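Colleague: I have a structure here, written as structure tokens, and I will follow up with some questions on it.
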Amino acid sequence: MSDYGPRGYGSGSDDYGRDRYDGNRYDDYGDYAPRQRGDDYAGGYGGGGASGSASVRSSSPHDEPLTSGRARVPGSEPTGSGPARGSARVGGKRRPTRELSEEEASEQKKAKKKKKRRRRLIAAACVIVMLLGLGTVAGSIYFESVPLPEDILKALDQNTTITYSDGSPMAKIGSSISNRKDVHVPKHDGKATKNLDVPKEVKYALLATEDRKFYEHAGVDFTGVLRALWNNVTGGSTQGASTLTQQYVGTVENLREDHSYLRKAKEAVMAMKMDDKYSKDTIIEHYLNLVYMGRGAYGLGAAAEAWFKKPVKDLTVNEAALIFAQVKSPNGVYDPRDPLGMGKKKTTKWSTERVEYCLGGMLKEKWITKAQYDKAMKDPLPKTVTGTSGAANAGATEPTGFVSHKEVVKEAEAIYGISEQDIRTKGYTIQTTINKDLEKAAIEAASSKKGWMKDNAPKNNRAALVSVDPGSGEIVAYYGGSDDGTLADKAAGFHPPGSSFKQFTMITALADKKSPSNIKSIWDGETPRDFKERGDAGPVHNCCAEGKDENFPHISMTDFIRKSLNTPTYAMTNKYGANKVLKMARDMGLYDIQVPLKSDDNKVHTINLNDHKWDALLNDNANPRKLVDNEVGFGQYPVTMIGMAAANATTANGGTANRPHFIKKISNPDGSTVFKAGDKIQPKSVFSPAVAKDATYVLEKITPAESLHNGQGDYVDGDSNQQFAGKTGTWERYCGGDAKDCTSGQNSSTVYTGFTKHLAAAVWVGDKSNENANVTDAAGSPAFGAGQSGSVWLRFMEKATKLGKYADPSVFDKPVYHGDICNNDPKFDGQACDSSTGDTGDNGGDNGGGDNGGGDSSNSCDPTTDPNCGGGDTSSPQCDPNTDPNCGGDSTSCPIIGGCGGNGGGGGHRDSEGVENETPYNDARYGDVAPYATRSKPGFALNE
């Protein structure tokens with residue numbers, strides 16, 4: 001079992017398959033707003049990480065035992081009693097210890113007291129220095145003027161233009177500054193009669209959220225400043241201790257990016273000056289006309305329109321509380337519409353908690369009555385409008401809005417350090433990587449309103465598509481599952497990839513530096529199959545051809561990947577390490593994955609594998625199952641289509657990865673270049689071209705069902721010279737929890753990923769709002785990856801491969817059979833292996849005839865009369881199984897691993913993916929649900 005969580009989890013989980021990450025909720029807020037993006041970004045660019053610590057774990061069979069007593073690393077202080085921190089033992093035998101003499105113990109005690117006293121003196125000195133700094137700068141700062149909102153915002157009124165890769169316009173991102181309407185705070189809590197008058201309840205909602213002592217201090221909360229200083233100096237949590245007045249000054253001076261003490265001093269002095277010059281209500285008025293409140297709205301007047309389409313005077317207490325929640329984190333964490341795709345259940349919960357915090361503060365300060373509080377708490381979260389704040393967000397509601405208003409904004413900060421506020425106010429031109437013609441092809445294939453999905457899938461089904469240029473990492477087409485880019489982004493959302501992940505397990509084995517395997521190596525595809533690593537979870541099963549388990553005691557790597565068998569995939573993951581499989585996927589471009597962490601009560605977290613804090617676990621070959629368990633090998637853990645497309649692009653590019661990205665170039669208003677992709681993004685060799693050729697050879701026979709029915713096989717269309725390779729994946733529906741009308745055999749998510757030499761793409765199809773819904777095809781039958789997902793992928797590629805450089809001939813190289821042909825399933829260790837035979841023929845080697853050649857248990861056949869016996873591939877020589885032991889026959893009688901495939905040849909390829917058993921595991925959260933592929937219970941296996 002993985003030390004970071006249960007072996008399995010599925011779509012019945014509350015946290016499962018959300019559309020964005022369970023990131024930091026920014027509750028350590030101590031500085032002034034607005035924070036445009038938050039503390040972490042886990043969207044695949046290396047900055048994000050799991051919320052919650054992953055360093056404190058419950059014990060597992062793989063843990064080192066906890067040590068007690070004292071442990072000392074050379075050069076460190078004693079850690080005290082309890083579990084050792086750091087390395088308790090470097091090597092060799094433990095040194096004997098002795099008791100301290102009374103004199104030594106006394107000296108040690110004195111030394112500790114002295115050190116503690118010295119630290120306090122240093123901290124006190126730092127506070128004094130800060131206060132002296134406050135006085136030093138006070139004289140000069142006091143005479144500086146504090147600009148008013150209208151003076152500041154004029155300089156910020158520059159929208160950013162987002163373009164396609166050819167420079168043609170896609171969208172604009174800005175603020176509603178030009179449409180800003182100044183609000184007015186009536187004196188003495190007067191009644192709000194005009195549209196822009198601020199009701200007293202709205203004013204107090206602001207104070208309850210941001211500064212409950214506003215009427216008591218002189219612009220600066222010195223108690224808060226000293227408390228924050230003490231924490232900062234002594235190593236506590238960094239705090240800002242900013243009042244409402246300081247927030248205003250900080251926004252004016254653009255100081256919130258700098259937490260140095262002198263800048264804080266400057267804020268404090270200017271805040272005191274402002275408090276001297278203006279009345280308290282005037283300061284509130286200035287604040288409400290300046291601060292950014294989300295959805296592109298600067299000031300309360302614009303925010304009331306952007307959030308509720310109503311004048312300020314008509315805002316309710318609840319509505320005001322939700323708007324003011326954005327001051328703390330205006331990037332969308334507290335937006336119930338879920339613009340970041342973190343999951344509406346989470347954003348709704350967080351937004352509700354923030355509104356309730358405000359209402360509780362108003363009641364505590366007696367700004368509302370108990371009756372008003374009770375009424376507001378009956379339905380605390382108000383309903384917001386779904387639109388945007390006008391022309392400043394042009395293009396947000398288009399299909400490309402997922403790119404222009406979400407992915408570009410996140411990438412600009414994650415890679416280039418340009419905040420959302422900068423984008424909204426500094427007039428950049430951001431040239432994206434999106435190819436206009438390819439984007440049109442993606443919409444025509446995937447849209448449920450304008451595309452193929454409209455007439456060929458149930459109305460609740462949605463498709464998401466991501467396409468990557470292998471040679472550059474540019475994301476050239478992107479469809480997030482909807483024609484409205486303000487909705488949840490399904491392409492950046494998390495879905496279990498199922499068997500489409502098996503390609504990374506295979507590549508891990510082929511590319512291993514110490515013990516590389518070979519696509520002709522032989523593996524045990526028997527079912528069911530027990531593994532001690534599974535513990536009480538039960539055996540792993542393959543599933544099913546015509547209702548029967550597919551059983552292949554000796555099968556080549558090529559065949560078991562094409563058949564998509566679970567048992568040899570698990571064995572391969574166990575042999576090479578779950579950590580290595582995950583690391584390979586990461587290095588290929590799949591950066592984000594959802595994992596349940598034991599350190600947080602098995603709650604599902606999104607982790608960014610580019611964050612170096614995970615490196616130790618990914619490189620821990622002695623304990624390979626600490627982060628994820630072996631089931632990662634066949635696609636249990638949810639990932640994004642961005643990652644799947646990028647990883648497929650690496651194989652298409654011969655093993656060289658290019659970081660997936662949306663931004664080609666960022667320019668200033670004068671046309672000068674700020675950044676271009678090449679400044680930050682460089683290619684990286686992940687595995688050799690030989691491995692890429694062999695992996696491609698295996699995958700090129702796994703095609704969408706439609707391409708086979710049309711007779712085009714592994715070519716994009718019948719007249720094309722564009723050969724492709726791919727892999728399907730399907731996730732079975734979980735019938736526990738609140739699943740309605742759920743029966744075995746229903747599926748909830750399907751995936752098809754694939755590539756030509758010049759273009760890679762990944763497609764997901766599932767329900768528009770429920771990750772655990774029953775997903776069917778147009779006829780009402782269970783959906784599979786080779787079906788709708790494969791059809792959307794194929795239609796996109798048919799058009800894409802006729803455009804520009806993507807139309808160049810794309811026929812794959814022949815395999816080179818890299819690696820050790822005798823590096824087989826560990827079950828066969830110690831048995832004879834003839835490296836000269838192995839898996840001869842196209843798909844031979846299992847039972848003498850590959851997928852359709854000879855059958856599983858045919859002890860003899862005549863290939864001269866039986867087309868399914870031996871030489872099904874015209875390139876393979878025929879043979880007589882009655883006289884040749886290497887021709888046909890039952891592989892179980894063969895004494896040499898790989899020798900019984902002989903001249904079996906191909907016999908054709910399967911017309912869809914093999915079989916999967918993808919059901920959540922049996923743990924406390926899923927009741928009696930069978931573990932992965934426990935065939936003792938019917939209905940948990942998938943056919944494809």
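So you can find residues: chains in the structure tokens are A, B, ... in the order shown, residues in each start at 1, and ligands are numbered from 1 in order.
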Report as JSON, numbers by chain: the residues of stretch 682-814 of chain A with a DSSP assignment of strand (DSSP E), based on the backbone of this structure.
Modeller: {"A": [684, 685, 725, 726, 727, 728, 729, 730, 731, 732, 747, 748, 749, 750, 751, 752, 753, 754, 755, 760, 761, 762, 763, 764, 765, 766, 767]}
Colleague: Write a file of the just-selected residues containing N, CA, C and O atoms, as a short mmCIF file (atom, residue, chain, number, x, y, z; two decimals), in the first residue's frame.
Modeller:
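Output below, filename result01.cif:
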```cif
data_model
loop_
_atom_site.label_atom_id
_atom_site.label_comp_id
_atom_site.auth_asym_id
_atom_site.auth_seq_id
_atom_site.Cartn_x
_atom_site.Cartn_y
_atom_site.Cartn_z
N LYS A 684 14.25 18.65 -23.26
CA LYS A 684 14.95 17.75 -22.36
C LYS A 684 14.82 16.32 -22.89
O LYS A 684 13.72 15.84 -23.16
N SER A 685 15.95 15.63 -23.00
CA SER A 685 15.94 14.24 -23.45
C SER A 685 15.50 13.35 -22.30
O SER A 685 16.09 13.37 -21.22
N ALA A 725 -0.29 6.40 -33.83
CA ALA A 725 -0.25 5.43 -32.75
C ALA A 725 -1.08 5.97 -31.60
O ALA A 725 -1.23 7.19 -31.46
N GLY A 726 -1.61 5.10 -30.76
CA GLY A 726 -2.47 5.60 -29.69
C GLY A 726 -2.70 4.59 -28.60
O GLY A 726 -2.18 3.48 -28.60
N LYS A 727 -3.51 4.99 -27.63
CA LYS A 727 -3.89 4.11 -26.52
C LYS A 727 -5.22 4.57 -25.96
O LYS A 727 -5.47 5.78 -25.82
N THR A 728 -6.08 3.60 -25.67
CA THR A 728 -7.39 3.90 -25.13
C THR A 728 -7.42 3.69 -23.62
O THR A 728 -6.57 2.99 -23.05
N GLY A 729 -8.43 4.26 -22.99
CA GLY A 729 -8.62 4.07 -21.56
C GLY A 729 -10.07 4.28 -21.19
O GLY A 729 -10.73 5.15 -21.75
N THR A 730 -10.56 3.48 -20.25
CA THR A 730 -11.95 3.58 -19.80
C THR A 730 -12.00 3.40 -18.30
O THR A 730 -11.26 2.59 -17.75
N TRP A 731 -12.86 4.16 -17.65
CA TRP A 731 -13.02 4.05 -16.20
C TRP A 731 -14.44 3.60 -15.89
O TRP A 731 -15.40 4.19 -16.38
N GLU A 732 -14.58 2.56 -15.07
CA GLU A 732 -15.90 2.04 -14.73
C GLU A 732 -16.57 2.88 -13.67
O GLU A 732 -15.91 3.43 -12.78
N ASN A 747 -19.92 2.73 -17.43
CA ASN A 747 -18.65 3.45 -17.41
C ASN A 747 -18.89 4.94 -17.17
O ASN A 747 -19.94 5.47 -17.51
N SER A 748 -17.87 5.61 -16.60
CA SER A 748 -18.04 7.02 -16.26
C SER A 748 -17.06 7.95 -16.96
O SER A 748 -17.24 9.16 -16.91
N SER A 749 -16.03 7.41 -17.60
CA SER A 749 -15.02 8.28 -18.19
C SER A 749 -14.26 7.50 -19.26
O SER A 749 -13.93 6.33 -19.05
N THR A 750 -14.00 8.13 -20.40
CA THR A 750 -13.25 7.46 -21.46
C THR A 750 -12.18 8.40 -22.01
O THR A 750 -12.35 9.62 -22.02
N VAL A 751 -11.08 7.80 -22.47
CA VAL A 751 -9.93 8.57 -22.95
C VAL A 751 -9.36 7.92 -24.21
O VAL A 751 -9.32 6.68 -24.30
N TYR A 752 -8.94 8.74 -25.15
CA TYR A 752 -8.10 8.26 -26.25
C TYR A 752 -6.96 9.26 -26.44
O TYR A 752 -7.19 10.47 -26.56
N THR A 753 -5.74 8.75 -26.43
CA THR A 753 -4.57 9.59 -26.68
C THR A 753 -3.79 9.00 -27.84
O THR A 753 -3.77 7.77 -28.02
N GLY A 754 -3.14 9.86 -28.61
CA GLY A 754 -2.37 9.35 -29.73
C GLY A 754 -1.59 10.43 -30.43
O GLY A 754 -1.67 11.62 -30.08
N PHE A 755 -0.84 10.03 -31.47
CA PHE A 755 0.04 10.98 -32.14
C PHE A 755 0.44 10.49 -33.52
O PHE A 755 0.43 9.29 -33.81
N ALA A 760 0.41 15.56 -31.57
CA ALA A 760 -0.16 14.69 -30.54
C ALA A 760 -1.46 15.30 -30.02
O ALA A 760 -1.63 16.52 -30.03
N ALA A 761 -2.36 14.43 -29.56
CA ALA A 761 -3.61 14.93 -29.01
C ALA A 761 -4.15 13.93 -28.00
O ALA A 761 -3.88 12.72 -28.07
N ALA A 762 -4.91 14.45 -27.04
CA ALA A 762 -5.58 13.63 -26.03
C ALA A 762 -7.03 14.09 -25.92
O ALA A 762 -7.30 15.29 -25.93
N VAL A 763 -7.94 13.12 -25.80
CA VAL A 763 -9.37 13.42 -25.73
C VAL A 763 -9.99 12.69 -24.55
O VAL A 763 -9.72 11.50 -24.32
N TRP A 764 -10.79 13.39 -23.80
CA TRP A 764 -11.59 12.81 -22.73
C TRP A 764 -13.06 13.01 -23.07
O TRP A 764 -13.46 14.07 -23.58
N VAL A 765 -13.90 12.02 -22.79
CA VAL A 765 -15.35 12.14 -22.89
C VAL A 765 -15.96 11.67 -21.58
O VAL A 765 -15.64 10.58 -21.10
N GLY A 766 -16.83 12.48 -21.03
CA GLY A 766 -17.53 12.13 -19.80
C GLY A 766 -18.75 13.00 -19.63
O GLY A 766 -19.14 13.74 -20.55
N ASP A 767 -19.37 12.94 -18.46
CA ASP A 767 -20.56 13.73 -18.19
C ASP A 767 -20.19 15.19 -17.95
O ASP A 767 -19.11 15.49 -17.42
#
```
Colleague: Write down as a list in words the residues belonging to stretch 615-683 of chain A that are assigned helix (DSSP H, G or I) by DSSP computed on the backbone.
Modeller: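 Answer for stretch 615-683 of chain A, restricted to helix (DSSP H, G or I): Asp615, Ala616, Leu617, Leu618, Asn630, Glu631, Val632, Gly633, Phe634, Met641, Ile642, Gly643, Met644, Ala645, Ala646, Ala647, Asn648, Ala649, Thr650, Thr651, Ala652, Ala677, Gly678, Asp679 and Lys680 of chain A.
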Colleague: With only C-alpha atoms as the counted atoms, please give the residues lying no more than 9 Å from A:Ile323, apart from itself and same-chain residues fewer than 5 positions off, as a list in words.
Modeller: Met293, Gly294, Leu300, Ala303, Ala304, Trp307 and Asn318 of chain A
Colleague: So, counting only C-alpha atoms, which residue among A:Pro704, A:Gly633, A:Gly655, A:Pro568 is closest to A:Pro528?
Modeller: A:Pro568
Colleague: Mind dumping a table of every stretch 694-773 of chain A residue within 7 Å of stretch 800-822 of chain A, with the nearest atom pair and its distance in Å to one decimal, using only C-alpha atoms, sorted by chain and rising number, as JSON lines?
Modeller:
```
{"residue": "A:Asp694", "atom": "CA", "partner": "A:Pro815", "partner_atom": "CA", "distance": 4.7}
{"residue": "A:Tyr697", "atom": "CA", "partner": "A:Pro815", "partner_atom": "CA", "distance": 6.0}
{"residue": "A:Asn721", "atom": "CA", "partner": "A:Pro809", "partner_atom": "CA", "distance": 5.4}
{"residue": "A:Gln722", "atom": "CA", "partner": "A:Ser810", "partner_atom": "CA", "distance": 4.6}
{"residue": "A:Gln723", "atom": "CA", "partner": "A:Val811", "partner_atom": "CA", "distance": 5.1}
{"residue": "A:Thr756", "atom": "CA", "partner": "A:Ser810", "partner_atom": "CA", "distance": 6.3}
{"residue": "A:Lys757", "atom": "CA", "partner": "A:Ser810", "partner_atom": "CA", "distance": 5.5}
{"residue": "A:His758", "atom": "CA", "partner": "A:Tyr806", "partner_atom": "CA", "distance": 5.7}
{"residue": "A:Leu759", "atom": "CA", "partner": "A:Tyr806", "partner_atom": "CA", "distance": 6.8}
```
Colleague: Those residues you just picked out, can you put them in a file as an mmCIF file, in the first residue's frame with N, CA, C and O atoms?
Modeller:
```cif
data_model
loop_
_atom_site.group_PDB
_atom_site.id
_atom_site.type_symbol
_atom_site.label_atom_id
_atom_site.label_comp_id
_atom_site.auth_asym_id
_atom_site.auth_seq_id
_atom_site.Cartn_x
_atom_site.Cartn_y
_atom_site.Cartn_z
ATOM 1 N N ASP A 694 10.325 1.681 -30.572
ATOM 2 C CA ASP A 694 9.704 0.443 -30.123
ATOM 3 C C ASP A 694 8.343 0.693 -29.495
ATOM 4 O O ASP A 694 7.383 -0.049 -29.730
ATOM 5 N N TYR A 697 5.837 1.441 -32.175
ATOM 6 C CA TYR A 697 5.453 0.215 -32.883
ATOM 7 C C TYR A 697 4.356 -0.534 -32.134
ATOM 8 O O TYR A 697 3.395 -1.031 -32.732
ATOM 9 N N ASN A 721 -1.182 9.640 -45.873
ATOM 10 C CA ASN A 721 0.115 9.044 -45.577
ATOM 11 C C ASN A 721 0.522 9.378 -44.151
ATOM 12 O O ASN A 721 1.689 9.470 -43.830
ATOM 13 N N GLN A 722 -0.493 9.601 -43.303
ATOM 14 C CA GLN A 722 -0.279 9.971 -41.907
ATOM 15 C C GLN A 722 -0.582 8.771 -41.020
ATOM 16 O O GLN A 722 -1.724 8.464 -40.724
ATOM 17 N N GLN A 723 0.456 8.076 -40.582
ATOM 18 C CA GLN A 723 0.289 6.953 -39.683
ATOM 19 C C GLN A 723 0.227 7.470 -38.248
ATOM 20 O O GLN A 723 0.872 8.452 -37.899
ATOM 21 N N THR A 756 0.755 11.444 -34.377
ATOM 22 C CA THR A 756 1.525 11.205 -35.583
ATOM 23 C C THR A 756 2.941 11.706 -35.280
ATOM 24 O O THR A 756 3.229 12.128 -34.161
ATOM 25 N N LYS A 757 3.808 11.704 -36.274
ATOM 26 C CA LYS A 757 5.147 12.230 -36.027
ATOM 27 C C LYS A 757 5.122 13.719 -35.736
ATOM 28 O O LYS A 757 6.015 14.252 -35.068
ATOM 29 N N HIS A 758 4.096 14.415 -36.212
ATOM 30 C CA HIS A 758 4.084 15.872 -36.147
ATOM 31 C C HIS A 758 3.078 16.464 -35.182
ATOM 32 O O HIS A 758 3.084 17.672 -34.947
ATOM 33 N N LEU A 759 2.196 15.638 -34.615
ATOM 34 C CA LEU A 759 1.119 16.191 -33.799
ATOM 35 C C LEU A 759 0.628 15.140 -32.815
ATOM 36 O O LEU A 759 0.456 13.972 -33.176
#
```
Colleague: Residues near A:Ala779, anyone? I mean within 10 Å using only C-alpha atoms, not counting same-chain ones fewer than 4 positions away, as a PyMOL selection string.
Modeller: chain A and resi 456-458+783
Colleague: So, with only C-alpha atoms as the atoms that count, which of A:Phe552, A:Phe560, A:Phe504, A:Phe724 lies closest to A:Val686?
Modeller: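 Comparing A:Phe552, A:Phe560, A:Phe504, A:Phe724 against A:Val686, the winner is A:Phe504.
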Colleague: Do a neighbour search on A:Pro311 at 7 Å with only C-alpha atoms, toss out local chain neighbours closer than 4 positions, and write the hits as a PyMOL selection string.
Modeller: chain A and resi 195-196+304-305
Colleague: Keeping only N, CA and C atoms, take the residues you just selected and write them out as a PDB file, in the first residue's frame.
Modeller:
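File produced: selection-v4.pdb:
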```pdb
ATOM      1  N   ASN A 195     -28.324  55.205  -6.689  1.00  0.00           N
ATOM      2  CA  ASN A 195     -27.787  53.907  -7.099  1.00  0.00           C
ATOM      3  C   ASN A 195     -26.389  53.638  -6.573  1.00  0.00           C
ATOM      4  N   LEU A 196     -25.570  54.678  -6.455  1.00  0.00           N
ATOM      5  CA  LEU A 196     -24.189  54.490  -6.046  1.00  0.00           C
ATOM      6  C   LEU A 196     -23.960  54.795  -4.573  1.00  0.00           C
ATOM      7  N   ALA A 304     -20.508  45.377  -8.113  1.00  0.00           N
ATOM      8  CA  ALA A 304     -21.940  45.103  -7.971  1.00  0.00           C
ATOM      9  C   ALA A 304     -22.548  44.688  -9.304  1.00  0.00           C
ATOM     10  N   GLU A 305     -22.079  45.325 -10.387  1.00  0.00           N
ATOM     11  CA  GLU A 305     -22.563  44.969 -11.725  1.00  0.00           C
ATOM     12  C   GLU A 305     -22.006  43.615 -12.162  1.00  0.00           C
TER      13      GLU A 305
END
```
Colleague: For stretch 242-309 of chain A against stretch 366-384 of chain A, with a cut-off of 9 Å and counting only C-alpha atoms, what is the closest atom pair and its distance in Å to one decimal for every residue that makes the cut, ordered by chain and number, as a Markdown table?
Modeller:
```
| residue | atom | partner | partner_atom | distance |
| --- | --- | --- | --- | --- |
| A:Ala306 | CA | A:Thr384 | CA | 8.7 |
| A:Trp307 | CA | A:Thr384 | CA | 5.4 |
| A:Phe308 | CA | A:Thr384 | CA | 5.4 |
| A:Lys309 | CA | A:Thr384 | CA | 8.5 |
```
Colleague: Just write the chosen residues, C-alpha atoms, as a compact mmCIF listing (two decimals), in the first residue's frame.
Modeller:
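What landed in part_0.txt:
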```txt
# COMPACT_ATOMS: atom_id res chain seq x y z
CA ALA A 306 -20.06 42.17 -12.39
CA TRP A 307 -21.34 39.92 -9.61
CA PHE A 308 -25.04 40.72 -9.29
CA LYS A 309 -26.08 43.08 -12.11
```
Colleague: For A:Leu315, list every protein, DNA or RNA residue within 8 Å, evaluated using only C-alpha atoms, and leave out those in the same chain fewer than 4 positions away; present the list as a ChimeraX atom specification.
Modeller: /A:199,202,304,310-311,319-320
Colleague: Using only C-alpha atoms, which protein or nucleic acid residues come within 6 Å of A:Ser556? Drop anything in the same chain fewer than 3 positions from it, and give the result as a PyMOL selection string.
Modeller: chain A and resi 520-523+559
Colleague: Using only C-alpha atoms, which of the listed residues (A:His495, A:Lys575, A:Lys328, A:Lys191) sits closest to A:Leu206?
Modeller: A:Lys328
